[in-house]
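Novice: structure_1.cif is reproduced below (mmCIF, C-alpha atoms and all ligand atoms).
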```cif
data_run
loop_
_atom_site.group_PDB
_atom_site.id
_atom_site.type_symbol
_atom_site.label_atom_id
_atom_site.label_comp_id
_atom_site.auth_asym_id
_atom_site.auth_seq_id
_atom_site.Cartn_x
_atom_site.Cartn_y
_atom_site.Cartn_z
ATOM 1 C CA MET Y 1 -40.174 59.225 11.565
ATOM 2 C CA THR Y 2 -37.539 59.899 8.915
ATOM 3 C CA VAL Y 3 -36.747 57.293 6.318
ATOM 4 C CA LYS Y 4 -33.021 56.507 6.224
ATOM 5 C CA ILE Y 5 -32.820 53.588 3.823
ATOM 6 C CA GLU Y 6 -35.199 52.704 1.042
ATOM 7 C CA ALA Y 7 -34.551 49.612 -1.042
ATOM 8 C CA LYS Y 8 -37.097 48.865 -3.750
ATOM 9 C CA ASP Y 9 -37.339 45.625 -5.714
ATOM 10 C CA LEU Y 10 -33.614 44.952 -5.511
ATOM 11 C CA SER Y 11 -32.338 42.000 -7.488
ATOM 12 C CA LYS Y 12 -28.831 40.733 -8.001
ATOM 13 C CA VAL Y 13 -27.804 38.248 -10.655
ATOM 14 C CA TYR Y 14 -24.283 36.843 -10.520
ATOM 15 C CA PRO Y 15 -22.651 35.210 -13.513
ATOM 16 C CA SER Y 16 -21.857 31.557 -12.831
ATOM 17 C CA ARG Y 17 -20.574 28.533 -14.721
ATOM 18 C CA ASN Y 18 -24.149 27.314 -15.175
ATOM 19 C CA GLY Y 19 -25.349 30.663 -16.439
ATOM 20 C CA PRO Y 20 -26.756 33.689 -14.604
ATOM 21 C CA MET Y 21 -27.599 32.995 -10.974
ATOM 22 C CA CYS Y 22 -30.182 35.093 -9.165
ATOM 23 C CA ALA Y 23 -28.936 35.699 -5.586
ATOM 24 C CA LEU Y 24 -31.494 38.282 -4.509
ATOM 25 C CA ARG Y 25 -34.973 38.736 -5.946
ATOM 26 C CA ASP Y 26 -37.185 41.829 -5.746
ATOM 27 C CA PHE Y 27 -36.200 42.589 -2.188
ATOM 28 C CA SER Y 28 -37.664 45.723 -0.670
ATOM 29 C CA LEU Y 29 -36.930 47.216 2.708
ATOM 30 C CA ARG Y 30 -37.455 50.574 4.336
ATOM 31 C CA VAL Y 31 -35.545 51.514 7.470
ATOM 32 C CA GLU Y 32 -36.316 54.523 9.659
ATOM 33 C CA GLU Y 33 -33.628 56.712 11.143
ATOM 34 C CA GLY Y 34 -32.444 55.322 14.475
ATOM 35 C CA GLU Y 35 -34.026 51.928 13.866
ATOM 36 C CA PHE Y 36 -32.221 48.636 14.551
ATOM 37 C CA VAL Y 37 -33.376 46.194 11.882
ATOM 38 C CA CYS Y 38 -32.211 42.587 11.909
ATOM 39 C CA ILE Y 39 -32.290 40.394 8.828
ATOM 40 C CA VAL Y 40 -32.589 36.661 9.296
ATOM 41 C CA GLY Y 41 -32.748 34.065 6.548
ATOM 42 C CA PRO Y 42 -31.331 30.694 5.515
ATOM 43 C CA SER Y 43 -27.719 30.408 4.417
ATOM 44 C CA GLY Y 44 -27.188 31.519 0.830
ATOM 45 C CA CYS Y 45 -30.436 33.505 0.575
ATOM 46 C CA GLY Y 46 -28.669 36.732 -0.353
ATOM 47 C CA LYS Y 47 -28.272 38.556 2.975
ATOM 48 C CA SER Y 48 -24.627 39.511 2.453
ATOM 49 C CA THR Y 49 -25.394 40.413 -1.146
ATOM 50 C CA PHE Y 50 -28.036 42.839 0.086
ATOM 51 C CA LEU Y 51 -25.716 44.329 2.696
ATOM 52 C CA ARG Y 52 -22.961 44.826 0.127
ATOM 53 C CA ILE Y 53 -25.412 46.665 -2.095
ATOM 54 C CA LEU Y 54 -26.377 48.852 0.871
ATOM 55 C CA GLY Y 55 -22.711 49.457 1.589
ATOM 56 C CA GLY Y 56 -22.070 50.549 -1.988
ATOM 57 C CA LEU Y 57 -19.670 47.653 -2.585
ATOM 58 C CA LEU Y 58 -21.910 46.013 -5.155
ATOM 59 C CA ALA Y 59 -24.306 47.341 -7.773
ATOM 60 C CA PRO Y 60 -27.781 45.791 -7.959
ATOM 61 C CA SER Y 61 -28.810 44.192 -11.267
ATOM 62 C CA SER Y 62 -32.177 45.901 -10.978
ATOM 63 C CA GLY Y 63 -34.186 47.876 -8.474
ATOM 64 C CA GLU Y 64 -33.439 51.004 -6.586
ATOM 65 C CA ILE Y 65 -31.546 51.839 -3.441
ATOM 66 C CA LYS Y 66 -31.765 55.200 -1.717
ATOM 67 C CA LEU Y 67 -29.958 56.326 1.417
ATOM 68 C CA PHE Y 68 -30.837 59.631 3.031
ATOM 69 C CA PRO Y 69 -27.825 61.340 4.617
ATOM 70 C CA ARG Y 70 -28.330 64.063 7.179
ATOM 71 C CA ASN Y 71 -24.820 65.429 7.096
ATOM 72 C CA GLU Y 72 -22.982 65.396 3.770
ATOM 73 C CA LYS Y 73 -19.606 65.666 5.500
ATOM 74 C CA ALA Y 74 -19.971 62.743 7.919
ATOM 75 C CA PRO Y 75 -19.481 59.152 6.732
ATOM 76 C CA LEU Y 76 -22.768 57.632 5.696
ATOM 77 C CA GLN Y 77 -22.320 53.915 6.153
ATOM 78 C CA ASN Y 78 -19.792 51.535 7.662
ATOM 79 C CA ILE Y 79 -19.722 47.753 7.418
ATOM 80 C CA VAL Y 80 -18.655 45.304 10.128
ATOM 81 C CA PHE Y 81 -17.949 41.895 8.595
ATOM 82 C CA GLN Y 82 -18.130 38.451 10.100
ATOM 83 C CA GLU Y 83 -14.413 37.770 9.759
ATOM 84 C CA TYR Y 84 -12.479 40.327 11.719
ATOM 85 C CA ALA Y 85 -11.622 42.742 8.944
ATOM 86 C CA ILE Y 86 -8.910 44.576 10.834
ATOM 87 C CA PHE Y 87 -5.399 45.353 9.641
ATOM 88 C CA PRO Y 88 -2.860 42.897 11.084
ATOM 89 C CA TRP Y 89 -0.015 45.409 10.764
ATOM 90 C CA LYS Y 90 -1.763 48.136 12.742
ATOM 91 C CA THR Y 91 -2.165 48.339 16.512
ATOM 92 C CA VAL Y 92 -5.611 48.240 18.101
ATOM 93 C CA LEU Y 93 -5.459 52.023 18.480
ATOM 94 C CA ASP Y 94 -4.535 52.607 14.837
ATOM 95 C CA ASN Y 95 -7.162 50.133 13.655
ATOM 96 C CA VAL Y 96 -9.881 51.880 15.633
ATOM 97 C CA ALA Y 97 -8.662 55.307 14.469
ATOM 98 C CA PHE Y 98 -8.420 54.216 10.822
ATOM 99 C CA GLY Y 99 -11.720 55.637 9.575
ATOM 100 C CA LEU Y 100 -11.041 58.927 11.340
ATOM 101 C CA GLU Y 101 -7.579 59.081 9.807
ATOM 102 C CA MET Y 102 -9.064 58.526 6.340
ATOM 103 C CA ARG Y 103 -11.390 61.456 6.954
ATOM 104 C CA GLY Y 104 -8.500 63.709 7.920
ATOM 105 C CA VAL Y 105 -9.401 64.044 11.598
ATOM 106 C CA PRO Y 106 -6.340 65.534 13.373
ATOM 107 C CA ARG Y 107 -4.084 63.026 15.142
ATOM 108 C CA LYS Y 108 -4.777 64.156 18.707
ATOM 109 C CA GLU Y 109 -8.529 64.127 18.253
ATOM 110 C CA ARG Y 110 -8.623 60.757 16.518
ATOM 111 C CA ARG Y 111 -6.443 59.172 19.205
ATOM 112 C CA GLU Y 112 -8.752 60.505 21.902
ATOM 113 C CA THR Y 113 -11.844 59.211 20.138
ATOM 114 C CA ALA Y 114 -10.205 55.846 19.469
ATOM 115 C CA HIS Y 115 -9.074 55.498 23.097
ATOM 116 C CA ASP Y 116 -12.573 56.323 24.230
ATOM 117 C CA TRP Y 117 -14.097 53.544 22.118
ATOM 118 C CA ILE Y 118 -11.374 51.063 23.016
ATOM 119 C CA ARG Y 119 -12.281 51.683 26.640
ATOM 120 C CA LYS Y 120 -15.995 51.299 25.920
ATOM 121 C CA VAL Y 121 -15.445 47.844 24.400
ATOM 122 C CA GLY Y 122 -13.225 46.801 27.311
ATOM 123 C CA LEU Y 123 -9.835 46.738 25.593
ATOM 124 C CA ALA Y 124 -8.114 49.656 27.369
ATOM 125 C CA LYS Y 125 -5.062 47.553 28.206
ATOM 126 C CA PHE Y 126 -4.654 46.411 24.615
ATOM 127 C CA ALA Y 127 -4.548 49.730 22.769
ATOM 128 C CA ASP Y 128 -0.959 49.109 21.672
ATOM 129 C CA ALA Y 129 -1.367 45.390 20.947
ATOM 130 C CA TYR Y 130 -1.410 43.934 17.430
ATOM 131 C CA PRO Y 131 -4.308 41.760 16.170
ATOM 132 C CA HIS Y 132 -2.263 38.514 16.341
ATOM 133 C CA GLN Y 133 -2.002 39.062 20.095
ATOM 134 C CA LEU Y 134 -5.784 39.112 20.479
ATOM 135 C CA SER Y 135 -8.470 36.424 20.743
ATOM 136 C CA GLY Y 136 -11.312 36.258 18.201
ATOM 137 C CA GLY Y 137 -13.684 38.016 20.570
ATOM 138 C CA MET Y 138 -11.177 40.798 21.173
ATOM 139 C CA LYS Y 139 -10.615 41.266 17.445
ATOM 140 C CA GLN Y 140 -14.313 41.575 16.897
ATOM 141 C CA ARG Y 141 -14.470 44.178 19.672
ATOM 142 C CA VAL Y 142 -11.856 46.121 17.697
ATOM 143 C CA SER Y 143 -14.040 45.948 14.552
ATOM 144 C CA ILE Y 144 -17.059 47.129 16.500
ATOM 145 C CA ALA Y 145 -15.107 49.947 18.191
ATOM 146 C CA ARG Y 146 -13.768 51.036 14.803
ATOM 147 C CA ALA Y 147 -17.246 51.172 13.284
ATOM 148 C CA PHE Y 148 -18.680 53.184 16.188
ATOM 149 C CA ALA Y 149 -15.618 55.476 16.433
ATOM 150 C CA ASN Y 150 -16.041 56.443 12.805
ATOM 151 C CA ASP Y 151 -19.517 57.642 13.745
ATOM 152 C CA PRO Y 152 -21.328 56.753 10.520
ATOM 153 C CA GLU Y 153 -24.994 57.567 10.141
ATOM 154 C CA ILE Y 154 -25.727 53.956 9.217
ATOM 155 C CA LEU Y 155 -24.043 50.856 10.607
ATOM 156 C CA LEU Y 156 -24.203 47.718 8.485
ATOM 157 C CA MET Y 157 -23.292 44.540 10.304
ATOM 158 C CA ASP Y 158 -22.911 41.157 8.635
ATOM 159 C CA GLU Y 159 -22.944 38.476 11.335
ATOM 160 C CA PRO Y 160 -20.436 40.429 13.404
ATOM 161 C CA LEU Y 161 -20.529 37.859 16.209
ATOM 162 C CA GLY Y 162 -20.956 34.786 14.009
ATOM 163 C CA ALA Y 163 -17.411 33.483 14.354
ATOM 164 C CA LEU Y 164 -17.345 33.621 18.148
ATOM 165 C CA ASP Y 165 -17.872 30.928 20.759
ATOM 166 C CA ALA Y 166 -21.261 31.023 22.519
ATOM 167 C CA GLN Y 167 -19.969 32.545 25.763
ATOM 168 C CA THR Y 168 -18.032 35.380 24.153
ATOM 169 C CA ARG Y 169 -20.959 35.939 21.869
ATOM 170 C CA ALA Y 170 -23.366 36.322 24.798
ATOM 171 C CA ILE Y 171 -21.070 38.906 26.412
ATOM 172 C CA LEU Y 172 -20.697 40.874 23.181
ATOM 173 C CA GLN Y 173 -24.444 40.770 22.528
ATOM 174 C CA GLY Y 174 -24.960 42.458 25.886
ATOM 175 C CA GLU Y 175 -22.260 45.010 25.044
ATOM 176 C CA LEU Y 176 -23.729 45.742 21.628
ATOM 177 C CA VAL Y 177 -27.162 46.411 23.121
ATOM 178 C CA ARG Y 178 -25.589 48.871 25.542
ATOM 179 C CA LEU Y 179 -23.443 50.641 22.923
ATOM 180 C CA TRP Y 180 -26.296 50.913 20.477
ATOM 181 C CA GLU Y 181 -28.770 52.200 23.042
ATOM 182 C CA ALA Y 182 -26.322 55.002 23.857
ATOM 183 C CA SER Y 183 -25.923 55.974 20.186
ATOM 184 C CA ARG Y 184 -29.229 55.025 18.524
ATOM 185 C CA LYS Y 185 -27.700 54.754 15.098
ATOM 186 C CA THR Y 186 -29.553 53.330 12.149
ATOM 187 C CA VAL Y 187 -28.439 49.686 12.006
ATOM 188 C CA VAL Y 188 -29.001 46.859 9.556
ATOM 189 C CA TYR Y 189 -27.792 43.715 11.271
ATOM 190 C CA ILE Y 190 -27.544 40.278 9.716
ATOM 191 C CA THR Y 191 -27.506 37.265 11.958
ATOM 192 C CA HIS Y 192 -28.256 33.552 11.895
ATOM 193 C CA SER Y 193 -29.250 33.673 15.520
ATOM 194 C CA ILE Y 194 -32.923 34.361 16.136
ATOM 195 C CA GLU Y 195 -32.232 35.006 19.827
ATOM 196 C CA GLU Y 196 -29.624 37.582 18.914
ATOM 197 C CA SER Y 197 -32.059 39.346 16.613
ATOM 198 C CA VAL Y 198 -34.779 39.419 19.284
ATOM 199 C CA LEU Y 199 -32.363 40.716 21.907
ATOM 200 C CA LEU Y 200 -30.910 43.462 19.708
ATOM 201 C CA GLY Y 201 -33.505 44.475 17.153
ATOM 202 C CA ASP Y 202 -36.507 46.759 16.959
ATOM 203 C CA ARG Y 203 -37.732 44.791 13.972
ATOM 204 C CA ILE Y 204 -36.800 41.451 12.413
ATOM 205 C CA VAL Y 205 -37.125 40.891 8.686
ATOM 206 C CA LEU Y 206 -37.259 37.298 7.557
ATOM 207 C CA MET Y 207 -36.053 36.319 4.088
ATOM 208 C CA THR Y 208 -37.105 33.332 2.026
ATOM 209 C CA ALA Y 209 -34.872 30.541 0.761
ATOM 210 C CA HIS Y 210 -32.623 31.236 -2.250
ATOM 211 C CA PRO Y 211 -33.145 33.324 -4.304
ATOM 212 C CA GLY Y 212 -33.986 35.376 -1.244
ATOM 213 C CA THR Y 213 -36.742 37.902 -0.999
ATOM 214 C CA TYR Y 214 -38.863 39.423 1.757
ATOM 215 C CA LYS Y 215 -40.999 36.847 3.580
ATOM 216 C CA THR Y 216 -42.383 38.526 6.675
ATOM 217 C CA GLU Y 217 -41.368 40.668 9.600
ATOM 218 C CA TYR Y 218 -41.784 40.922 13.358
ATOM 219 C CA ALA Y 219 -41.818 43.974 15.583
ATOM 220 C CA VAL Y 220 -39.899 43.304 18.792
ATOM 221 C CA PRO Y 221 -42.107 44.523 21.645
ATOM 222 C CA PHE Y 222 -39.537 44.576 24.462
ATOM 223 C CA THR Y 223 -38.774 47.912 26.085
ATOM 224 C CA ARG Y 224 -35.287 49.374 26.310
ATOM 225 C CA PRO Y 225 -32.817 49.478 27.885
ATOM 226 C CA ARG Y 226 -32.440 45.749 27.387
ATOM 227 C CA SER Y 227 -29.844 43.442 28.793
ATOM 228 C CA PHE Y 228 -28.907 39.809 28.268
ATOM 229 C CA GLU Y 229 -31.293 38.925 31.104
ATOM 230 C CA LEU Y 230 -34.168 39.441 28.667
ATOM 231 C CA THR Y 231 -33.216 36.136 27.033
ATOM 232 C CA SER Y 232 -34.563 34.287 30.101
ATOM 233 C CA ALA Y 233 -38.083 35.780 29.835
ATOM 234 C CA PRO Y 234 -40.923 33.494 28.668
ATOM 235 C CA GLU Y 235 -42.123 36.110 26.132
ATOM 236 C CA PHE Y 236 -38.614 36.163 24.675
ATOM 237 C CA ALA Y 237 -38.722 32.398 24.163
ATOM 238 C CA ARG Y 238 -42.238 32.580 22.684
ATOM 239 C CA LEU Y 239 -41.299 35.199 20.096
ATOM 240 C CA SER Y 240 -38.047 33.411 19.220
ATOM 241 C CA TYR Y 241 -39.914 30.155 18.687
ATOM 242 C CA ALA Y 242 -42.594 31.813 16.526
ATOM 243 C CA ILE Y 243 -39.851 33.232 14.297
ATOM 244 C CA TRP Y 244 -38.092 29.882 14.158
ATOM 245 C CA GLN Y 245 -41.277 28.175 12.954
ATOM 246 C CA GLU Y 246 -41.404 30.545 9.961
ATOM 247 C CA LEU Y 247 -37.683 30.308 9.318
ATOM 248 C CA GLU Y 248 -37.629 26.512 9.577
ATOM 249 C CA VAL Y 249 -39.775 26.246 6.445
ATOM 250 C CA GLU Y 250 -37.191 28.258 4.494
ATOM 251 C CA VAL Y 251 -34.211 26.395 5.932
ATOM 252 C CA LYS Y 252 -35.800 23.077 4.935
ATOM 253 C CA ARG Y 253 -36.472 24.399 1.436
ATOM 254 C CA THR Y 254 -32.815 25.403 1.199
ATOM 255 C CA MET Y 255 -31.700 21.936 2.311
ATOM 256 C CA GLU Y 256 -34.020 20.184 -0.145
ATOM 257 C CA LYS Y 257 -32.630 22.243 -3.018
ATOM 258 C CA GLN Y 258 -29.076 21.401 -2.029
ATOM 259 C CA SER Y 259 -29.604 17.640 -1.673
HETATM 260 N N1 LIG C 301 -19.428 37.055 -6.044
HETATM 261 C C1 LIG C 301 -20.288 36.061 -6.263
HETATM 262 N N2 LIG C 301 -20.344 35.427 -7.469
HETATM 263 C C2 LIG C 301 -21.229 34.451 -7.705
HETATM 264 N N3 LIG C 301 -22.120 34.004 -6.808
HETATM 265 C C3 LIG C 301 -22.128 34.604 -5.594
HETATM 266 C C4 LIG C 301 -21.216 35.646 -5.252
HETATM 267 N N4 LIG C 301 -21.463 36.035 -3.980
HETATM 268 C C5 LIG C 301 -22.479 35.261 -3.549
HETATM 269 N N5 LIG C 301 -22.886 34.395 -4.501
HETATM 270 C C6 LIG C 301 -23.997 33.444 -4.395
HETATM 271 O O1 LIG C 301 -25.187 34.192 -4.161
HETATM 272 C C7 LIG C 301 -26.032 33.545 -3.230
HETATM 273 C C8 LIG C 301 -26.265 34.479 -2.055
HETATM 274 O O2 LIG C 301 -25.043 34.681 -1.390
HETATM 275 P P1 LIG C 301 -24.913 35.564 -0.067
HETATM 276 O O3 LIG C 301 -23.491 35.524 0.347
HETATM 277 O O4 LIG C 301 -25.526 36.879 -0.310
HETATM 278 O O5 LIG C 301 -25.846 34.730 0.934
HETATM 279 P P2 LIG C 301 -26.023 34.857 2.511
HETATM 280 O O6 LIG C 301 -27.484 34.903 2.754
HETATM 281 O O7 LIG C 301 -25.198 35.973 3.030
HETATM 282 O O8 LIG C 301 -25.457 33.457 3.034
HETATM 283 P P3 LIG C 301 -24.770 33.100 4.443
HETATM 284 O O9 LIG C 301 -25.886 33.130 5.445
HETATM 285 O O10 LIG C 301 -24.257 31.710 4.239
HETATM 286 O O11 LIG C 301 -23.713 34.119 4.718
HETATM 287 C C9 LIG C 301 -25.330 32.252 -2.856
HETATM 288 O O12 LIG C 301 -25.888 31.227 -3.633
HETATM 289 C C10 LIG C 301 -23.878 32.484 -3.233
HETATM 290 O O13 LIG C 301 -23.270 31.289 -3.632
HETATM 291 MG MG MG C 302 -23.555 36.059 4.347
#
```
Mind converting the file's structure to structure tokens?
Ligand SMILES: Nc1ncnc2c1ncn2[C@@H]1O[C@H](COP(=O)(O)OP(=O)(O)OP(=O)(O)O)[C@@H](O)[C@H]1O
Ligand SMILES: [Mg+2]
Specialist:
Amino acid sequence: MTVKIEAKDLSKVYPSRNGPMCALRDFSLRVEEGEFVCIVGPSGCGKSTFLRILGGLLAPSSGEIKLFPRNEKAPLQNIVFQEYAIFPWKTVLDNVAFGLEMRGVPRKERRETAHDWIRKVGLAKFADAYPHQLSGGMKQRVSIARAFANDPEILLMDEPLGALDAQTRAILQGELVRLWEASRKTVVYITHSIEESVLLGDRIVLMTAHPGTYKTEYAVPFTRPRSFELTSAPEFARLSYAIWQELEVEVKRTMEKQS
């Protein structure tokens, strides 16, 4: 096993009107190459803060973060955000090809790659459409296609399906499992849905209430390939419930602090 991400004792303190506010506290995580790690924790515990640090968008206040690239020329990490972060003035094709364009991939090649991914996420007929012509689920497919098309070594996903209705979400969960199993990228995936984390992940890391830190983790024992059908298995329900029991304590702590 090759280590891909090593975060050690990361903390982040934000300035606030009431003085410094600790959003993340001594959080450590090690991710192996090709591993799909899900992070679950109560709202406001610092999950997005951690992902932004991983993505290089934010500097930690203390601690150390190391990423281990294999290929210096390829993009290292790509983030998919909860709110469809796609350009409204670009077509689906140009949105998906954006990362490739930034890297100077020739036009013909980037259009081919983009078309390929647009097809894989089921949007072949919408390659020339603009985001305002798409539903939320379709926009999120564009974000996902763009991230995969750019072929980063590490994919960082911050509740990528969080804004979707339950039915669209179930479909996209199934699609994500399939896409990931074909690519086996290193993924750090934040979600509020325990079921989603059990369906997608190899390992689930649970964070404590604010200021968030590592609480515990679960290895997901289910073999791959997986499909949405797994969610109907009794062992799936048992594991999901066990995780919920641990998480519930933290969610209640969060609520008590806020009331
Ligand atoms: N730029 C910022 N400045 C000040 N405080 C911030 C900033 N960003 C986040 N925070 C605070 O830091 C804490 C952690 O925020 P973060 O967005 O990382 O949580 P989260 O776990 O992603 O929450 P959610 O599940 O609701 O998305 C919260 O209390 C939030 O209010
Ligand atoms: Mg967040």
Novice: Could you jot down the atom CA of Val37 of chain Y to atom CA of Arg226 of chain Y separation for me, Å, one decimal place?
Specialist: 15.5 Å
Novice: Any idea what's packed within 10 Å of segment 95-112 of chain Y, counting all atoms listed in the file, ignoring anything in its chain fewer than 3 positions away? Could you give it as a ChimeraX atom specification?
Specialist: /Y:73-75,78,85-92,115-118,127,130-131,141-152
Novice: Using Å and a single decimal, report how far atom CA of Ser240 of chain Y sits from atom CA of Pro221 of chain Y.
Specialist: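 Straight-line distance from atom CA of Pro221 of chain Y to atom CA of Ser240 of chain Y works out to 12.1 Å.
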Novice: Which residue out of Y:Pro160, Y:Pro69, Y:Pro15, Y:Gly122 has the minimum interatomic distance to ligand MG 302 (chain C) when all atoms listed in the file are used?
Specialist: Y:Pro160
Novice: Dump as JSON lines the rows for residues of chain Y within 12 Å of ligand MG 302 (chain C): closest atom pair and distance in Å with one decimal, all atoms listed in the file counted, ordered by chain and rising residue number.
Specialist:
```
{"residue": "Y:Ala23", "atom": "CA", "partner": "C:MG302", "partner_atom": "MG", "distance": 11.3}
{"residue": "Y:Ile39", "atom": "CA", "partner": "C:MG302", "partner_atom": "MG", "distance": 10.7}
{"residue": "Y:Val40", "atom": "CA", "partner": "C:MG302", "partner_atom": "MG", "distance": 10.3}
{"residue": "Y:Gly41", "atom": "CA", "partner": "C:MG302", "partner_atom": "MG", "distance": 9.7}
{"residue": "Y:Pro42", "atom": "CA", "partner": "C:MG302", "partner_atom": "MG", "distance": 9.5}
{"residue": "Y:Ser43", "atom": "CA", "partner": "C:MG302", "partner_atom": "MG", "distance": 7.0}
{"residue": "Y:Gly44", "atom": "CA", "partner": "C:MG302", "partner_atom": "MG", "distance": 6.8}
{"residue": "Y:Cys45", "atom": "CA", "partner": "C:MG302", "partner_atom": "MG", "distance": 8.3}
{"residue": "Y:Gly46", "atom": "CA", "partner": "C:MG302", "partner_atom": "MG", "distance": 7.0}
{"residue": "Y:Lys47", "atom": "CA", "partner": "C:MG302", "partner_atom": "MG", "distance": 5.5}
{"residue": "Y:Ser48", "atom": "CA", "partner": "C:MG302", "partner_atom": "MG", "distance": 4.1}
{"residue": "Y:Thr49", "atom": "CA", "partner": "C:MG302", "partner_atom": "MG", "distance": 7.2}
{"residue": "Y:Phe50", "atom": "CA", "partner": "C:MG302", "partner_atom": "MG", "distance": 9.2}
{"residue": "Y:Leu51", "atom": "CA", "partner": "C:MG302", "partner_atom": "MG", "distance": 8.7}
{"residue": "Y:Arg52", "atom": "CA", "partner": "C:MG302", "partner_atom": "MG", "distance": 9.7}
{"residue": "Y:Val80", "atom": "CA", "partner": "C:MG302", "partner_atom": "MG", "distance": 12.0}
{"residue": "Y:Phe81", "atom": "CA", "partner": "C:MG302", "partner_atom": "MG", "distance": 9.1}
{"residue": "Y:Gln82", "atom": "CA", "partner": "C:MG302", "partner_atom": "MG", "distance": 8.3}
{"residue": "Y:Glu83", "atom": "CA", "partner": "C:MG302", "partner_atom": "MG", "distance": 10.8}
{"residue": "Y:Met157", "atom": "CA", "partner": "C:MG302", "partner_atom": "MG", "distance": 10.4}
{"residue": "Y:Asp158", "atom": "CA", "partner": "C:MG302", "partner_atom": "MG", "distance": 6.7}
{"residue": "Y:Glu159", "atom": "CA", "partner": "C:MG302", "partner_atom": "MG", "distance": 7.4}
{"residue": "Y:Pro160", "atom": "CA", "partner": "C:MG302", "partner_atom": "MG", "distance": 10.5}
{"residue": "Y:Gly162", "atom": "CA", "partner": "C:MG302", "partner_atom": "MG", "distance": 10.1}
{"residue": "Y:Tyr189", "atom": "CA", "partner": "C:MG302", "partner_atom": "MG", "distance": 11.2}
{"residue": "Y:Ile190", "atom": "CA", "partner": "C:MG302", "partner_atom": "MG", "distance": 7.9}
{"residue": "Y:Thr191", "atom": "CA", "partner": "C:MG302", "partner_atom": "MG", "distance": 8.7}
{"residue": "Y:His192", "atom": "CA", "partner": "C:MG302", "partner_atom": "MG", "distance": 9.2}
{"residue": "Y:Gly212", "atom": "CA", "partner": "C:MG302", "partner_atom": "MG", "distance": 11.9}
```
Novice: Counting all atoms listed in the file, which residues come within 9 Å of (-35.6, 44.9, 25.6), with the point read in the file's coordinates, and could you list them as a list in words?
Specialist: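 The distance filter leaves exactly Val177, Val198, Leu199, Leu200, Gly201, Asp202, Val220, Pro221, Phe222, Thr223, Arg224, Pro225, Arg226, Ser227, Phe228 and Leu230 of chain Y.
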Novice: Just give me the residues with any atom within 12 Å of (-29.2, 22.7, 5.4), file coordinates, counting only C-alpha atoms, written as a PyMOL selection string.
Specialist: chain Y and resi 41-45+209-210+248-259
Novice: Atoms to include: C-alpha atoms. Write the selected residues as a CSV table (one decimal), keeping the file's coordinate frame.
Specialist:
```csv
chain,number,residue,atom,x,y,z
Y,41,GLY,CA,-32.7,34.1,6.5
Y,42,PRO,CA,-31.3,30.7,5.5
Y,43,SER,CA,-27.7,30.4,4.4
Y,44,GLY,CA,-27.2,31.5,0.8
Y,45,CYS,CA,-30.4,33.5,0.6
Y,209,ALA,CA,-34.9,30.5,0.8
Y,210,HIS,CA,-32.6,31.2,-2.2
Y,248,GLU,CA,-37.6,26.5,9.6
Y,249,VAL,CA,-39.8,26.2,6.4
Y,250,GLU,CA,-37.2,28.3,4.5
Y,251,VAL,CA,-34.2,26.4,5.9
Y,252,LYS,CA,-35.8,23.1,4.9
Y,253,ARG,CA,-36.5,24.4,1.4
Y,254,THR,CA,-32.8,25.4,1.2
Y,255,MET,CA,-31.7,21.9,2.3
Y,256,GLU,CA,-34.0,20.2,-0.1
Y,257,LYS,CA,-32.6,22.2,-3.0
Y,258,GLN,CA,-29.1,21.4,-2.0
Y,259,SER,CA,-29.6,17.6,-1.7
```
Novice: Considering all atoms listed in the file, state which residue in the set Y:Leu123, Y:Leu239, Y:Ala7, Y:Ala163 is at the smallest distance from ligand LIG 301 (chain C).
Specialist: Y:Ala163
Novice: If the PyMOL selection byres (((chain Y and resi 25-36) around 6) and not hetatm) were run on this exact file, what residues would it hold? Put them as an NGL selection string.
Specialist: :Y and (2-11 or 24 or 37 or 184-187 or 201-202 or 211-214)
Novice: Next, write the just-selected residues to a file, as a PDB file, in the frame of the given file, keeping C-alpha atoms as the atom set.
Specialist:
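Saved as selection.pdb:
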```pdb
ATOM      1  CA  THR Y   2     -37.539  59.899   8.915  1.00  0.00           C
ATOM      2  CA  VAL Y   3     -36.747  57.293   6.318  1.00  0.00           C
ATOM      3  CA  LYS Y   4     -33.021  56.507   6.224  1.00  0.00           C
ATOM      4  CA  ILE Y   5     -32.820  53.588   3.823  1.00  0.00           C
ATOM      5  CA  GLU Y   6     -35.199  52.704   1.042  1.00  0.00           C
ATOM      6  CA  ALA Y   7     -34.551  49.612  -1.042  1.00  0.00           C
ATOM      7  CA  LYS Y   8     -37.097  48.865  -3.750  1.00  0.00           C
ATOM      8  CA  ASP Y   9     -37.339  45.625  -5.714  1.00  0.00           C
ATOM      9  CA  LEU Y  10     -33.614  44.952  -5.511  1.00  0.00           C
ATOM     10  CA  SER Y  11     -32.338  42.000  -7.488  1.00  0.00           C
ATOM     11  CA  LEU Y  24     -31.494  38.282  -4.509  1.00  0.00           C
ATOM     12  CA  VAL Y  37     -33.376  46.194  11.882  1.00  0.00           C
ATOM     13  CA  ARG Y 184     -29.229  55.025  18.524  1.00  0.00           C
ATOM     14  CA  LYS Y 185     -27.700  54.754  15.098  1.00  0.00           C
ATOM     15  CA  THR Y 186     -29.553  53.330  12.149  1.00  0.00           C
ATOM     16  CA  VAL Y 187     -28.439  49.686  12.006  1.00  0.00           C
ATOM     17  CA  GLY Y 201     -33.505  44.475  17.153  1.00  0.00           C
ATOM     18  CA  ASP Y 202     -36.507  46.759  16.959  1.00  0.00           C
ATOM     19  CA  PRO Y 211     -33.145  33.324  -4.304  1.00  0.00           C
ATOM     20  CA  GLY Y 212     -33.986  35.376  -1.244  1.00  0.00           C
ATOM     21  CA  THR Y 213     -36.742  37.902  -0.999  1.00  0.00           C
ATOM     22  CA  TYR Y 214     -38.863  39.423   1.757  1.00  0.00           C
TER      23      TYR Y 214
END
```
Novice: Taking all atoms listed in the file into account, name the residue in Y:Gly55, Y:Lys215, Y:Trp244, Y:Met207 that is nearest to ligand LIG 301 (chain C).
Specialist: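 Closest residue, counting all atoms listed in the file: Y:Met207.
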